[in-house]
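Single-structure report; data block below.
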Amino acid sequence: MKRFLIALFIILIAQLSAAKPIKVRLKLNWKYQFEFAGYIAAKEKGFYKDAGLDVDIIEYDHGAVVDDVLNGKVEFGVAGSDIFTSIINRKPIVIVANFFKKSPLVLAVKPSILFPKQLNNKVLYCGGTDITLTSVGLLIKKFNIHFKKIIKKKGSYTIKPFIDGKVDAIPIYITNQTYMLNELGIPYNIIDPSNYGIFAYSGNLFTSREFLEKHPDIVKRFTEASIKGWQYALSHKDEIAHIIYNKYSSKKSLKALIFEANMIEDVIMPDVFSLGFIDKNIIKKITSKFAKILNKEPPLNIDEYIKTPHKSALFTKREMEFIKKHPSITYCIRPNLRPVEFIDKDGGAKGISIELLKKISNITHIKFKLLKTRNFNESLRFFREGKCQLLPTMGNKKLLKKQAIFTKPYAKQELFIFSKSNISFVNSLCELKNKIFLEAKYTSPTLIIKEQCPQITIKEFNTFDEVFKRLEEDPNYFCVISPLIASYYIKRYRLKNIKIVGTTNRYIEISMAINKNLPTLASIINKALSKIGKSGIEKISSYQLSKQSQEIYKKRIIQIVSISIIVILFLFWVIRVFYRKNEELLKTKKRLEESLKNFEAIMENSIQMTILIKTDGRCLQFNDMALHSLKYSESELKDKNISDLVPQGETEKIKEAIENRDTFELNLIKKDNTILNTLAKATRIKIKNEEITLITAVDITPIKRLQQQLNNLNRQLSKRVKEETEKNIKKDRMIMQQSKAAALGEMMGMIAHQWRQPINAISATVNNLLIQIQMDRLDSKTLTNKLSNILQYIQHLNATIEDFRNFYKPQTVKEPTNIDELLETLLKIVKDHFVSKNITIKTDFNCSCMINLYGNELKHVILNILNNARDVLIERNIEKPTITITTRAEGNHAVIIITDNGGGIDENVIEHIFDAYFTTKGKKGTGLGLYMSKIIIEEHLNGRIEAYNTEDGAAFKIYLPMK
């Protein structure tokens with residue numbers, strides 16, 4: 001009995017011991033963020049616990065993670081490309097899983113830079129970090145890039161030099177630092193080393209060789225649980241982002257973590273590679289490159305440093321049977337989409353997609369047979385009719401959404417806006433809504449333009465050849481297209497003037513379209529594409545582009561030789577006519593001098609004050625408007641210092657304005673010592689190799705007077721309110737004045753916002769004219785157009801003041817008013833202000849009826865509701881904040897409905913929001929806005945106003961009687 005009890009006790013102890021989780025430590029190579037979401041998910045969702053492991057996740061503090069693993073301080077570590085240096089140095093580590101199939105380290109460059117070769121003679125900032133053994137370093141070495149200057153600075157890494165425009169390129173992590181650039185609205189382009197066949201595995205999970213040999217089961221369980229964690233994290237991004245933010249680190253905002261989550265998925269490439277998969281060939285390739293840079297020998301047996309699972313067959317039994325039954329597949333193409341796919345002069349199919357089909361054929365042993373068509377429309381028809389089973393290049397998937405299955409995307413291209421125009425770089429299609437876009441038929445850009453900005457006019461052509469020839473003809477034409485196709489046609493037709501003028505912030509994903517009755521074929525091709533890999537596809541693209549370029553260059557060489565012969569034959573003739581040409585040049589010079597005189601005359605008659613200042617502060621030149629405004633004669637101002645014409649401290653303001661490149665208020669001292677208020681812009685130009693400061697200014701004294709009048713009105717209103725409060729008479733009228741006074745400040749801000757852009761445009765136009773004069777490029781047509789633009793900007797300024805004056809014009813008599821037109825007039829004043837806050841105002845006006853009312857009082861009510869909605873959307877940090885204004889007729893009433901997506905009004909207070917002095921804004925609110933709105937609608941306009949909550953936010957509904 002005693003022996004039995006002892007045995008039972010031993011069994012219980014063994015079971016208890018077996019049930020206790022094994023303690024394991026994982027050290028990260030940076031701070032807690034979504035970069036390590038898979039490990040955090042495995043811990044928080046219990047995957048490690050289910051594997052019998054108790055895991056501590058330790059964030060990076062200092063030192064080398066590899067050394068901590070080898071010294072036994074931790075069992076597992078996460079490393080980037082530095083893991084390959086350890087392998088070269090023969091450190092006994094083993095990579096057990098890889099999660100980032102390409103390095104998140106990329107180059108952020110100025111928008112004008114599209115390709116690595118364009119980085120030559122540019123300025124690079126890399127902080128205090130050595131980027132040699134990184135994906136960016138390999139890219140620089142591959143293209144033999146020689147920078148004009150490389151800025152290195154010790155201390156914490158910052159992207160501020162790029163934000164400030166002081167450098168052309170900077171290494172950043174595409175997964176998180178692009179978020180900051182996007183938030184600040186900094187235009188940029190990304191050069192990703194992986195797009196050029198450079199893969200530097202990152203996110204490597206590793207352990208020591210000693211630990212693997214002693215505890216292979218623990219390593220297996222930890223690796224499998226970590227993979228489960230990554231699977232969960234990628235499927236539940238919001239949940240894991242919240243866990244990281246609330247439990248691990250709140251240094252990054254929740255919005256930034258979610259952005260990082262979406263970007264990391266592109267780095268992990270889960271649609272192409274199995275999570276944790278390690279490609280031995282890539283490891284070997286990276287190690288060899290790093291070893292060459294370090295002048296060392298790579299290890300002979302790379303298998304010692306990799307733990308890989310058993311490989312399975314590429315195709316299933318069902319897929320193999322399909323291949324056996326379908327030895328050939330018929331396909332159609334777009335016959336003229338160079339360099340992607342096209343029919344060459346011999347009638348054969350060529351291009352990137354065709355070479356990709358050949359690679360797929362080598363893997364699957366399926367033969368792909370071309371069915372020739374005259375155009376892509378016929379190819380689509382043949383596909384729908386079942387004559388061809390495959391289209392190798394399909395971007396606009398909506399064309400065949402009912403007839404096709406699409407493979408996973410094998411190429412992804414950002415879409416840019418190309419034109420001959422010299423407009424400033426644009427970040428949205430809708431900035432060009434009045435322009436004409438040229439596109440090839442049945443392409444994705446056409447669909448994207450219609451989705452983003454349906455107001456844009458689109459002209460469609462059969463081929464891109466026609467599109468680019470038209471682009472070269474007229475700078476008013478634009479085209480949305482990928483750089484891959486654009487660069488080919490620009491090279492082919494030598495279109496030196498066509499360039500990128502903006503971005504759509506959209507990408508086109510290219511897939512293969514497969515007959516919907518052949519899902520097994522789609523599965524086979526997807527696996528073949530995965531096996532080829534992104535680098536393999538990019539090699540095909542690079543080879544085809546190179547091949548096409550060689551053909552173009554051959555034609556050019558023939559043309560150059562022919563032209564050279566012609567030049568030699570006509571050389572003597574050129575010498576003979578040289579004298580005649582010289583006479584023509586002298587005439588041209590005379591015409592240019594006359595143009596200069598004409599321009600000076602125009603400057604003298606400009607409504608802008610123009611002042612030129614030397615580097616020592618002495619005034620060089622004034623135009624007539626400046627002399628007239630300051631009440632000086634030209635002789636009195638000659639050689640006068642600018643410090644004599646501005647109050648003390650204003651000269652520093654001029655210097656700051658030049659650095660900030662922004663408009664500013666400048667006070668000038670007139671001859672009678674009174675102050676002239678102006679809105680000015682200052683910049684530096686060169687005249688005869690001498691640096692000159694150019695100041696252009698517009699008299700804003702009327703606005704200042706208006707501001708003073710408004711201040712006086714405020715004082716009068718305050719006095720009136722005090723009197724009315726003491727007498728307790730006409731309480732509602734008093735509150736009305738207070739409410740209007742409170743809105744004046746915001747209205748002034750909105751007016752200032754609307755004025756800033758026209759004034760900047762006037763200044764830029766004048767500067768542009770000056771530069772063209774200096775460069776002898778100004779002609780009468782350009783001059784007329786520029787002056788016309790200036791007049792349009794001035795008319796816009798006058799219209800803004802008129803709208804503002806009408807808004808506050810008192811009304812004593814009700815007037816017939818069109819509700820929709822009234823709202824459109826109000827939105828014309830305030831809409832830019834809301835756009836500057838990233839708030840979208842949508843309208844659905846369906847009430848054109850005329851109603852007798854006080855229009856300005858109704859505007860006041862609408863503005864009050866809009867401002868309340870704005871404050872809520874900003875305070876609650878709503879994603880895609882939107883306000884919707886709807887009008888319609890209901891019976892004998894005109895109805896105005898204003899809704900937002902700000903989350904609504906607290907049900908406990910919604911019934912009190914129209915009470916006097918009730919506010920939810922604390923000290924920031926007066927509690928008068930909605931109270932006065934109710935008084936105006938119900939007592940002054942005989943209507944009714946009510947508030948309620950919708951699914952997304954708050955809603956205000958106003959009823960106005962039509963009679």
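FYI, nothing fancy with the structure tokens labels: chains A, B, ... in order, residues from 1 per chain, ligands from 1 as they appear.
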
Inset, instruction - Show which residues sit within 10 Å of region 425-440 of chain A, as an MDAnalysis selection string. Count only C-alpha atoms, and ignore same-chain residues fewer than 6 positions away. - result: chainID A and resid 111:112 185:187 337 416:419 446 448:449 452:468 470:471 476:481 500:505

Inset, instruction - Show which residues sit within 8 Å of region 397-414 of chain A, as a list in words. Count only C-alpha atoms, and ignore same-chain residues fewer than 2 positions away. - result: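 Skipping anything fewer than 2 positions along the chain leaves Asp271, Arg384, Met394, Gly395, Phe416, Tyr442, Ser482, Pro483, Leu484, Asn505, Arg506, Tyr507, Ile508, Glu509, Ile510, Ser511, Met512, Ala513, Ile514, Asn515, Lys516, Pro519, Ala522, Ser523, Ile525, Asn526, Leu529, Lys534 and Ile537 of chain A.
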
Store the residues of this selection in a file with C-alpha atoms, as a PDB file, in the first residue's frame.
```pdb
ATOM      1  CA  ASP A 271      -0.491  36.395 -50.760  1.00  0.00           C
ATOM      2  CA  ARG A 384     -16.674  36.491 -73.055  1.00  0.00           C
ATOM      3  CA  MET A 394      -5.993  42.875 -66.677  1.00  0.00           C
ATOM      4  CA  GLY A 395      -6.100  46.025 -64.568  1.00  0.00           C
ATOM      5  CA  PHE A 416       0.850  59.534 -61.889  1.00  0.00           C
ATOM      6  CA  TYR A 442     -10.674  50.004 -71.542  1.00  0.00           C
ATOM      7  CA  SER A 482       1.930  54.298 -64.782  1.00  0.00           C
ATOM      8  CA  PRO A 483       5.603  55.370 -65.168  1.00  0.00           C
ATOM      9  CA  LEU A 484       6.378  51.984 -66.761  1.00  0.00           C
ATOM     10  CA  ASN A 505      -2.394  58.442 -54.728  1.00  0.00           C
ATOM     11  CA  ARG A 506      -3.800  55.325 -56.405  1.00  0.00           C
ATOM     12  CA  TYR A 507      -2.192  52.108 -57.590  1.00  0.00           C
ATOM     13  CA  ILE A 508      -3.138  49.751 -60.390  1.00  0.00           C
ATOM     14  CA  GLU A 509      -2.837  46.041 -59.663  1.00  0.00           C
ATOM     15  CA  ILE A 510      -2.279  43.816 -62.685  1.00  0.00           C
ATOM     16  CA  SER A 511      -3.722  40.281 -62.635  1.00  0.00           C
ATOM     17  CA  MET A 512      -4.478  37.589 -65.183  1.00  0.00           C
ATOM     18  CA  ALA A 513      -8.126  37.069 -66.113  1.00  0.00           C
ATOM     19  CA  ILE A 514      -9.169  33.392 -66.369  1.00  0.00           C
ATOM     20  CA  ASN A 515     -12.442  31.945 -67.576  1.00  0.00           C
ATOM     21  CA  LYS A 516     -14.710  31.574 -64.530  1.00  0.00           C
ATOM     22  CA  PRO A 519     -10.948  27.853 -61.158  1.00  0.00           C
ATOM     23  CA  ALA A 522      -6.403  30.084 -61.581  1.00  0.00           C
ATOM     24  CA  SER A 523      -5.018  28.088 -58.638  1.00  0.00           C
ATOM     25  CA  ILE A 525      -1.192  30.031 -62.196  1.00  0.00           C
ATOM     26  CA  ASN A 526      -1.257  31.587 -58.703  1.00  0.00           C
ATOM     27  CA  LEU A 529       3.421  33.200 -59.918  1.00  0.00           C
ATOM     28  CA  LYS A 534       8.338  39.254 -57.285  1.00  0.00           C
ATOM     29  CA  ILE A 537       8.728  39.106 -62.405  1.00  0.00           C
TER      30      ILE A 537
END
```

Legend entry - Counting only C-alpha atoms, the residue of A:Glu304, A:Glu951, A:Asp699, A:Glu239 that sits nearest Ile95 (chain A):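 The answer is A:Glu304, which sits nearest to Ile95 (chain A).
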
Inset, instruction - Figure out the distance between CA of Thr782 (chain A) and CA of Ile695 (chain A), please, to one decimal in Å. - result: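 Computing it gives 22.3 Å between the two atoms.
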
Inset, instruction - Skip Pro327 (chain A) itself and residues of its chain fewer than 3 positions away, then list as a list of chain:residue names all residues within 12 Å of it, counting only C-alpha atoms. - result: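 Contacts, in chain order: A:Met320, A:Glu321, A:Phe322, A:Ile323, A:Lys324, A:Thr330, A:Ser361, A:Thr364, A:His365, A:Ile366, A:Lys367, A:Phe368, A:Lys369, A:Leu521.
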
Inset, instruction - Identify all residues of region 593-670 of chain A in alpha helix (DSSP H) (DSSP on the backbone) and supply them as a VMD selection string. - result: chain A and resid 593 to 604 624 to 630 634 to 637 650 to 660

Legend entry - For Val136 (chain A): contacts at 7 Å, only C-alpha atoms, fewer than 2 positions along chain excluded, given as a list of chain:residue names: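 Neighbouring residues, sequence-local ones excluded: A:Leu105, A:Val106, A:Leu107, A:Ile131, A:Thr134, A:Leu138, A:Leu139, A:Ile140, A:Pro193.
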
Inset, instruction - Pick out the closest residue to Thr887 (chain A) from this set: A:His628, A:Lys284, A:Lys307, A:Lys957. Count only C-alpha atoms. - result: A:Lys957

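Shortest separation to Val219 (chain A) among A:Leu314, A:Ile302, A:Ile282, A:Ala97 occurs at residue A:Ala97, atoms counted being only C-alpha atoms.
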
Inset, instruction - Figure out the distance between CA of Tyr331 (chain A) and CA of Ala349 (chain A), please, to one decimal in Å. - result: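 Computing it gives 10.7 Å between the two atoms.
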
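Residue nearest Arg338 (chain A) within the list A:Lys350, A:Lys27, A:Lys110, A:His146: A:Lys350 [criterion: smallest interatomic distance, only C-alpha atoms].
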
Legend entry - Distance of CA of Ile532 (chain A) from CA of Glu355 (chain A), expressed in Å to one decimal place: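 Answer for the CA of Glu355 (chain A) to CA of Ile532 (chain A) separation: 11.8 Å.
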
Legend entry - Selected residue, from A:Thr825, A:Thr886, A:Ser541, A:Asn818, that lies nearest to Ile851 (chain A) when counting only C-alpha atoms: A:Asn818

Inset, instruction - Just the residues within 12 Å of region 214-216 of chain A, please, counting only C-alpha atoms, with nothing from its chain fewer than 6 positions along; format it as number ranges by chain. - result: A: 22, 24, 75, 94, 96, 207-208, 222-223, 307

Residues from last step as file, C-alpha atoms, as a JSON list (two decimals), in the first residue's frame:
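Just written: selection.json:
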```json
[["chain", "number", "residue", "atom", "x", "y", "z"],
["A", 22, "ILE", "CA", 8.14, 26.61, -20.01],
["A", 24, "VAL", "CA", 10.93, 31.60, -22.77],
["A", 75, "GLU", "CA", 16.28, 32.27, -25.94],
["A", 94, "VAL", "CA", 19.94, 29.73, -36.68],
["A", 96, "VAL", "CA", 13.90, 29.65, -37.67],
["A", 207, "THR", "CA", 17.83, 31.33, -31.82],
["A", 208, "SER", "CA", 21.25, 29.92, -30.96],
["A", 222, "PHE", "CA", 7.57, 28.67, -30.39],
["A", 223, "THR", "CA", 7.95, 29.09, -34.17],
["A", 307, "LYS", "CA", 15.94, 25.76, -40.07]]
```

Inset, instruction - Within region 54-222 of chain A, find each residue whose DSSP state, derived from the backbone, is strand (DSSP E), and express the selection as a PyMOL selection string. - result: chain A and resi 54-58+76-79+93-100+105-109+123-125+149-151+169-173+189-191+202-208

Inset, instruction - For region 41-43 of chain A, list every protein, DNA or RNA residue within 12 Å, evaluated using only C-alpha atoms, and leave out those in the same chain fewer than 6 positions away; present the list as a PyMOL selection string. - result: chain A and resi 24-26+33-35+49-57+221-244+247-248

Legend entry - Polymer residues at most 9 Å from Ile898 (chain A), only C-alpha atoms, same-chain spacing of 4 or more positions, as a ChimeraX atom specification: /A:862,865-866,883-887,954-958
